[in-house]
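J.: Have a peek at start_3.cif (mmCIF, C-alpha atoms and all ligand atoms; chains and numbers go by the auth columns).
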data_run
loop_
_atom_site.group_PDB
_atom_site.id
_atom_site.type_symbol
_atom_site.label_atom_id
_atom_site.label_comp_id
_atom_site.label_asym_id
_atom_site.label_seq_id
_atom_site.Cartn_x
_atom_site.Cartn_y
_atom_site.Cartn_z
_atom_site.B_iso_or_equiv
_atom_site.auth_seq_id
_atom_site.auth_asym_id
ATOM 1 C CA MET A 1 20.827 -20.655 -80.313 0.00 14 V
ATOM 2 C CA PRO A 2 18.910 -23.657 -78.947 0.00 15 V
ATOM 3 C CA SER A 3 16.736 -25.457 -81.479 0.00 16 V
ATOM 4 C CA LEU A 4 12.985 -24.960 -81.400 0.00 17 V
ATOM 5 C CA ARG A 5 10.935 -27.691 -79.751 0.00 18 V
ATOM 6 C CA PRO A 6 7.659 -29.212 -80.981 0.00 19 V
ATOM 7 C CA ALA A 7 4.538 -28.708 -78.859 0.00 20 V
ATOM 8 C CA VAL A 8 1.149 -30.240 -78.366 0.00 21 V
ATOM 9 C CA PHE A 9 -1.440 -27.535 -77.705 0.00 22 V
ATOM 10 C CA LEU A 10 -4.305 -28.796 -75.625 0.00 23 V
ATOM 11 C CA ASP A 11 -7.819 -27.479 -75.425 0.00 24 V
ATOM 12 C CA ARG A 12 -9.121 -27.779 -71.841 0.00 25 V
ATOM 13 C CA ASP A 13 -12.879 -28.400 -71.541 0.00 26 V
ATOM 14 C CA GLY A 14 -13.945 -31.598 -73.305 0.00 27 V
ATOM 15 C CA THR A 15 -10.336 -32.464 -74.139 0.00 28 V
ATOM 16 C CA LEU A 16 -8.593 -32.809 -70.755 0.00 29 V
ATOM 17 C CA ASN A 17 -11.587 -32.502 -68.435 0.00 30 V
ATOM 18 C CA VAL A 18 -15.162 -33.703 -68.593 0.00 31 V
ATOM 19 C CA GLN A 19 -17.868 -31.235 -69.569 0.00 32 V
ATOM 20 C CA VAL A 20 -21.514 -31.055 -68.693 0.00 33 V
ATOM 21 C CA VAL A 21 -23.577 -31.693 -71.861 0.00 34 V
ATOM 22 C CA ARG A 22 -27.050 -30.114 -72.054 0.00 35 V
ATOM 23 C CA ASP A 23 -29.214 -30.359 -75.208 0.00 36 V
ATOM 24 C CA GLY A 24 -26.236 -31.739 -77.142 0.00 37 V
ATOM 25 C CA LYS A 25 -24.057 -28.730 -76.248 0.00 38 V
ATOM 26 C CA PRO A 26 -21.060 -28.893 -73.919 0.00 39 V
ATOM 27 C CA TYR A 27 -20.542 -26.560 -70.944 0.00 40 V
ATOM 28 C CA PRO A 28 -17.462 -26.085 -68.717 0.00 41 V
ATOM 29 C CA PRO A 29 -17.364 -27.111 -65.043 0.00 42 V
ATOM 30 C CA GLN A 30 -18.527 -24.388 -62.647 0.00 43 V
ATOM 31 C CA THR A 31 -16.527 -25.349 -59.548 0.00 44 V
ATOM 32 C CA VAL A 32 -13.122 -26.829 -58.753 0.00 45 V
ATOM 33 C CA GLY A 33 -14.962 -29.898 -57.458 0.00 46 V
ATOM 34 C CA GLU A 34 -16.656 -30.356 -60.859 0.00 47 V
ATOM 35 C CA PHE A 35 -13.295 -30.137 -62.614 0.00 48 V
ATOM 36 C CA GLN A 36 -12.547 -33.807 -63.381 0.00 49 V
ATOM 37 C CA LEU A 37 -10.078 -35.181 -65.915 0.00 50 V
ATOM 38 C CA PHE A 38 -10.987 -37.880 -68.410 0.00 51 V
ATOM 39 C CA PRO A 39 -9.484 -41.264 -67.501 0.00 52 V
ATOM 40 C CA GLY A 40 -5.931 -41.716 -68.772 0.00 53 V
ATOM 41 C CA VAL A 41 -5.195 -38.039 -69.435 0.00 54 V
ATOM 42 C CA PRO A 42 -2.177 -37.766 -67.078 0.00 55 V
ATOM 43 C CA GLU A 43 -0.679 -40.927 -68.552 0.00 56 V
ATOM 44 C CA ALA A 44 -1.232 -39.844 -72.170 0.00 57 V
ATOM 45 C CA CYS A 45 0.292 -36.422 -71.408 0.00 58 V
ATOM 46 C CA ALA A 46 3.290 -38.115 -69.820 0.00 59 V
ATOM 47 C CA ARG A 47 3.785 -40.154 -73.013 0.00 60 V
ATOM 48 C CA LEU A 48 3.742 -36.993 -75.158 0.00 61 V
ATOM 49 C CA ASP A 49 6.123 -35.245 -72.757 0.00 62 V
ATOM 50 C CA ALA A 50 8.507 -38.209 -72.817 0.00 63 V
ATOM 51 C CA ALA A 51 8.506 -38.069 -76.636 0.00 64 V
ATOM 52 C CA GLY A 52 9.779 -34.475 -76.470 0.00 65 V
ATOM 53 C CA TYR A 53 6.565 -32.483 -76.943 0.00 66 V
ATOM 54 C CA VAL A 54 6.087 -29.343 -74.837 0.00 67 V
ATOM 55 C CA LEU A 55 2.519 -29.435 -73.501 0.00 68 V
ATOM 56 C CA VAL A 56 0.643 -26.122 -73.577 0.00 69 V
ATOM 57 C CA VAL A 57 -3.007 -25.716 -72.611 0.00 70 V
ATOM 58 C CA ALA A 58 -4.874 -23.072 -74.648 0.00 71 V
ATOM 59 C CA THR A 59 -8.336 -22.347 -73.299 0.00 72 V
ATOM 60 C CA ASN A 60 -11.093 -19.800 -73.895 0.00 73 V
ATOM 61 C CA GLN A 61 -12.872 -18.975 -70.633 0.00 74 V
ATOM 62 C CA PRO A 62 -15.403 -16.364 -71.799 0.00 75 V
ATOM 63 C CA ASP A 63 -17.611 -16.773 -68.725 0.00 76 V
ATOM 64 C CA VAL A 64 -15.022 -14.724 -66.807 0.00 77 V
ATOM 65 C CA GLY A 65 -15.304 -11.872 -69.320 0.00 78 V
ATOM 66 C CA ARG A 66 -19.084 -12.163 -69.248 0.00 79 V
ATOM 67 C CA GLY A 67 -19.122 -11.925 -65.463 0.00 80 V
ATOM 68 C CA THR A 68 -20.705 -15.331 -64.824 0.00 81 V
ATOM 69 C CA GLN A 69 -17.554 -17.053 -63.531 0.00 82 V
ATOM 70 C CA ALA A 70 -14.831 -15.803 -61.161 0.00 83 V
ATOM 71 C CA GLN A 71 -11.296 -15.664 -62.506 0.00 84 V
ATOM 72 C CA ALA A 72 -10.053 -17.021 -59.145 0.00 85 V
ATOM 73 C CA VAL A 73 -12.129 -20.195 -59.645 0.00 86 V
ATOM 74 C CA VAL A 74 -10.652 -20.736 -63.110 0.00 87 V
ATOM 75 C CA GLU A 75 -7.152 -20.170 -61.705 0.00 88 V
ATOM 76 C CA ALA A 76 -7.865 -22.725 -58.952 0.00 89 V
ATOM 77 C CA MET A 77 -8.960 -25.231 -61.622 0.00 90 V
ATOM 78 C CA HIS A 78 -5.657 -24.699 -63.420 0.00 91 V
ATOM 79 C CA ALA A 79 -3.680 -25.180 -60.213 0.00 92 V
ATOM 80 C CA LYS A 80 -5.523 -28.507 -59.797 0.00 93 V
ATOM 81 C CA LEU A 81 -4.831 -29.357 -63.445 0.00 94 V
ATOM 82 C CA ILE A 82 -1.076 -28.774 -63.061 0.00 95 V
ATOM 83 C CA GLN A 83 -1.058 -30.822 -59.882 0.00 96 V
ATOM 84 C CA LEU A 84 -2.793 -33.742 -61.650 0.00 97 V
ATOM 85 C CA VAL A 85 -0.829 -33.381 -64.920 0.00 98 V
ATOM 86 C CA PRO A 86 2.641 -32.115 -63.995 0.00 99 V
ATOM 87 C CA SER A 87 3.892 -32.609 -67.573 0.00 100 V
ATOM 88 C CA ILE A 88 1.905 -29.513 -68.649 0.00 101 V
ATOM 89 C CA ALA A 89 4.474 -26.730 -69.169 0.00 102 V
ATOM 90 C CA ARG A 90 2.182 -23.730 -69.545 0.00 103 V
ATOM 91 C CA VAL A 91 -1.462 -22.676 -69.480 0.00 104 V
ATOM 92 C CA GLU A 92 -2.635 -19.924 -71.832 0.00 105 V
ATOM 93 C CA VAL A 93 -6.080 -18.490 -71.002 0.00 106 V
ATOM 94 C CA CYS A 94 -8.292 -16.017 -72.864 0.00 107 V
ATOM 95 C CA TYR A 95 -11.002 -14.420 -70.722 0.00 108 V
ATOM 96 C CA ALA A 96 -12.508 -12.302 -73.514 0.00 109 V
ATOM 97 C CA PRO A 97 -16.322 -12.561 -73.618 0.00 110 V
ATOM 98 C CA GLY A 98 -16.286 -13.016 -77.391 0.00 111 V
ATOM 99 C CA ARG A 99 -19.746 -11.670 -78.192 0.00 112 V
ATOM 100 C CA GLY A 100 -19.310 -9.220 -81.002 0.00 113 V
ATOM 101 C CA GLU A 101 -16.425 -7.432 -79.273 0.00 114 V
ATOM 102 C CA THR A 102 -14.610 -5.023 -81.568 0.00 115 V
ATOM 103 C CA PRO A 103 -11.905 -5.609 -82.306 0.00 116 V
ATOM 104 C CA PRO A 104 -12.037 -9.345 -81.542 0.00 117 V
ATOM 105 C CA ASP A 105 -9.391 -10.520 -79.063 0.00 118 V
ATOM 106 C CA PRO A 106 -6.462 -11.980 -81.060 0.00 119 V
ATOM 107 C CA ARG A 107 -5.949 -14.596 -78.316 0.00 120 V
ATOM 108 C CA ARG A 108 -9.504 -15.944 -78.434 0.00 121 V
ATOM 109 C CA LYS A 109 -9.763 -19.210 -80.383 0.00 122 V
ATOM 110 C CA PRO A 110 -10.252 -19.562 -83.361 0.00 123 V
ATOM 111 C CA SER A 111 -7.644 -16.759 -83.546 0.00 124 V
ATOM 112 C CA PRO A 112 -4.172 -18.229 -83.022 0.00 125 V
ATOM 113 C CA GLY A 113 -2.815 -15.652 -80.530 0.00 126 V
ATOM 114 C CA MET A 114 -2.451 -17.971 -77.540 0.00 127 V
ATOM 115 C CA LEU A 115 -0.458 -20.481 -79.606 0.00 128 V
ATOM 116 C CA LEU A 116 1.740 -17.795 -81.143 0.00 129 V
ATOM 117 C CA ASP A 117 2.416 -16.193 -77.736 0.00 130 V
ATOM 118 C CA ALA A 118 3.381 -19.561 -76.229 0.00 131 V
ATOM 119 C CA ALA A 119 5.582 -20.348 -79.234 0.00 132 V
ATOM 120 C CA ARG A 120 7.500 -17.094 -78.765 0.00 133 V
ATOM 121 C CA ALA A 121 7.809 -17.526 -74.996 0.00 134 V
ATOM 122 C CA LEU A 122 8.920 -21.156 -75.054 0.00 135 V
ATOM 123 C CA GLY A 123 10.761 -21.410 -78.390 0.00 136 V
ATOM 124 C CA LEU A 124 8.317 -23.773 -80.102 0.00 137 V
ATOM 125 C CA ASP A 125 8.455 -25.131 -83.646 0.00 138 V
ATOM 126 C CA LEU A 126 4.910 -24.736 -84.925 0.00 139 V
ATOM 127 C CA ALA A 127 5.580 -26.760 -88.082 0.00 140 V
ATOM 128 C CA ARG A 128 6.220 -29.832 -85.915 0.00 141 V
ATOM 129 C CA SER A 129 3.433 -29.065 -83.426 0.00 142 V
ATOM 130 C CA TRP A 130 -0.140 -30.222 -82.922 0.00 143 V
ATOM 131 C CA MET A 131 -3.463 -29.022 -81.527 0.00 144 V
ATOM 132 C CA ILE A 132 -5.951 -31.375 -79.843 0.00 145 V
ATOM 133 C CA GLY A 133 -9.516 -30.188 -79.281 0.00 146 V
ATOM 134 C CA ASP A 134 -13.197 -31.079 -79.288 0.00 147 V
ATOM 135 C CA ARG A 135 -14.755 -28.066 -81.063 0.00 148 V
ATOM 136 C CA TRP A 136 -14.434 -26.156 -84.316 0.00 149 V
ATOM 137 C CA ARG A 137 -12.664 -23.236 -82.613 0.00 150 V
ATOM 138 C CA ASP A 138 -9.785 -25.525 -81.634 0.00 151 V
ATOM 139 C CA ILE A 139 -9.380 -26.952 -85.110 0.00 152 V
ATOM 140 C CA ASP A 140 -9.570 -23.557 -86.840 0.00 153 V
ATOM 141 C CA CYS A 141 -7.117 -22.104 -84.285 0.00 154 V
ATOM 142 C CA GLY A 142 -4.645 -24.900 -84.969 0.00 155 V
ATOM 143 C CA LYS A 143 -4.962 -24.411 -88.736 0.00 156 V
ATOM 144 C CA ARG A 144 -4.353 -20.659 -88.438 0.00 157 V
ATOM 145 C CA ALA A 145 -1.271 -21.276 -86.277 0.00 158 V
ATOM 146 C CA GLY A 146 0.118 -23.734 -88.830 0.00 159 V
ATOM 147 C CA VAL A 147 0.014 -26.839 -86.639 0.00 160 V
ATOM 148 C CA ARG A 148 -1.572 -30.207 -87.374 0.00 161 V
ATOM 149 C CA THR A 149 -4.921 -30.876 -85.726 0.00 162 V
ATOM 150 C CA VAL A 150 -6.609 -33.792 -83.965 0.00 163 V
ATOM 151 C CA PHE A 151 -10.356 -33.556 -83.362 0.00 164 V
ATOM 152 C CA ILE A 152 -11.924 -35.530 -80.504 0.00 165 V
ATOM 153 C CA ASP A 153 -15.447 -36.261 -81.719 0.00 166 V
ATOM 154 C CA PHE A 154 -18.100 -36.532 -78.987 0.00 167 V
ATOM 155 C CA GLY A 155 -21.003 -36.217 -81.428 0.00 168 V
ATOM 156 C CA TYR A 156 -22.010 -32.707 -80.371 0.00 169 V
ATOM 157 C CA THR A 157 -24.682 -31.088 -82.544 0.00 170 V
ATOM 158 C CA GLU A 158 -22.137 -28.354 -83.441 0.00 171 V
ATOM 159 C CA GLU A 159 -20.563 -28.681 -86.908 0.00 172 V
ATOM 160 C CA LEU A 160 -16.879 -28.284 -87.724 0.00 173 V
ATOM 161 C CA ARG A 161 -15.741 -25.537 -90.113 0.00 174 V
ATOM 162 C CA GLU A 162 -12.186 -26.423 -91.220 0.00 175 V
ATOM 163 C CA PRO A 163 -11.518 -30.167 -91.608 0.00 176 V
ATOM 164 C CA PRO A 164 -9.162 -31.613 -88.965 0.00 177 V
ATOM 165 C CA ASP A 165 -6.133 -33.670 -89.989 0.00 178 V
ATOM 166 C CA PHE A 166 -7.284 -36.566 -87.798 0.00 179 V
ATOM 167 C CA THR A 167 -10.463 -37.472 -85.911 0.00 180 V
ATOM 168 C CA VAL A 168 -10.503 -39.721 -82.828 0.00 181 V
ATOM 169 C CA ARG A 169 -12.845 -40.655 -79.971 0.00 182 V
ATOM 170 C CA SER A 170 -10.642 -40.106 -76.918 0.00 183 V
ATOM 171 C CA PHE A 171 -7.644 -38.151 -75.664 0.00 184 V
ATOM 172 C CA ASP A 172 -5.628 -41.345 -75.439 0.00 185 V
ATOM 173 C CA ASP A 173 -6.286 -42.031 -79.133 0.00 186 V
ATOM 174 C CA ALA A 174 -5.252 -38.455 -79.966 0.00 187 V
ATOM 175 C CA ALA A 175 -1.919 -39.029 -78.225 0.00 188 V
ATOM 176 C CA ASP A 176 -1.461 -42.236 -80.232 0.00 189 V
ATOM 177 C CA VAL A 177 -2.040 -40.379 -83.510 0.00 190 V
ATOM 178 C CA ILE A 178 0.637 -37.836 -82.633 0.00 191 V
ATOM 179 C CA LEU A 179 3.175 -40.339 -81.357 0.00 192 V
ATOM 180 C CA HIS A 180 2.880 -42.419 -84.533 0.00 193 V
ATOM 181 C CA ARG A 181 3.224 -39.473 -86.927 0.00 194 V
ATOM 182 C CA PRO A 182 6.373 -37.437 -86.295 0.00 195 V
ATOM 183 C CA ARG A 183 7.045 -34.744 -88.904 0.00 196 V
ATOM 184 C CA SER A 184 8.981 -36.348 -91.745 0.00 197 V
HETATM 185 MG MG MG B . -13.304 -27.920 -75.613 0.00 201 V
#
As structure tokens, what does this structure read like?
T.:
Amino acid sequence: MPSLRPAVFLDRDGTLNVQVVRDGKPYPPQTVGEFQLFPGVPEACARLDAAGYVLVVATNQPDVGRGTQAQAVVEAMHAKLIQLVPSIARVEVCYAPGRGETPPDPRRKPSPGMLLDAARALGLDLARSWMIGDRWRDIDCGKRAGVRTVFIDFGYTEELREPPDFTVRSFDDAADVILHRPRS
């Protein structure tokens, strides 16, 4: 049986691509044209890939479930993302609207379903894996999946809930944290 591989789970909006910030709150891009990566993201992902980490995007896209965004537009954004960052192995998406739905979708962050599904599909070692994100849902999701967490702090008004393992100011710095701290 092949050994399990470590992964880096990546939030999308505000982690890989730039968001629109209104009143201190971040919003996702609305069009493929608005979907723009932060500088250095492809290079930082290539460094993680070269170090043996499987790169898996895990993104909530509730606007699709709420009917205010088309799933085809989100899928086109992800095609662009894979083209720009070919080291990404998989994209997990949750379209659940997330407003008091019962029962809550087990794949919607902060629930760990997307990470657990990817781990089963790709043979990932969660104990040696990481989650990078810019909001409390990412950090709590990572904690519940049993991976270490890196929080990219943009100074949003939103508060964290669980404390992250590390806090940085850019995606490039998040990659540095991971590359300098392999599981002992
Ligand atoms: Mg985000």
J.: Which residues form the shell of 9 Å around ligand MG 201 (chain V) when you count all atoms listed in the file, given as a list in words?
T.: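 I would give the residues around ligand MG 201 (chain V) as Asp24, Arg25, Asp26, Gly27, Thr28, Leu29, Asn30, Gln32, Pro39, Tyr40, Pro41, Thr72, Asn73, Gly146, Asp147, Arg148, Trp149, Arg150 and Asp151 of chain V.
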J.: Tell me which residues the PyMOL selection byres (((chain V and resi 172-186) around 9) and not hetatm) grabs here, as a ChimeraX atom specification.
T.: /V:28-29,51-54,56-58,145-146,148-150,152-153,156,161-167,169-171,187-191
J.: How many Å lie between atom CA of Arg120 of chain V and atom CA of Arg194 of chain V, rounded to one decimal?
T.: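 That distance, rounded to one decimal, is 27.9 Å.
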J.: Find the distance between atom CA of Arg79 of chain V and atom CA of Val106 of chain V and write it in Å to one decimal.
T.: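 These atoms are spaced 14.6 Å apart.
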J.: One decimal, Å: what's the distance from atom CA of Ile95 of chain V over to atom CA of Val67 of chain V, could you say?
T.: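 Atom CA of Val67 of chain V lies 13.8 Å from atom CA of Ile95 of chain V.
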J.: Since I can't run it myself right now, could you work out what the PyMOL selection byres (((chain V and resi 99) around 12) and not hetatm) selects here and report it as a PyMOL selection string?
T.: chain V and resi 54-59+62+67-69+91-98+100-104
J.: Kindly resolve the PyMOL selection byres (((chain V and resi 126) around 12) and not hetatm) on the present coordinates and return the residues as a VMD selection string.
T.: chain V and resid 71 to 73 105 to 107 117 to 125 127 to 133 154 to 155 157 to 159
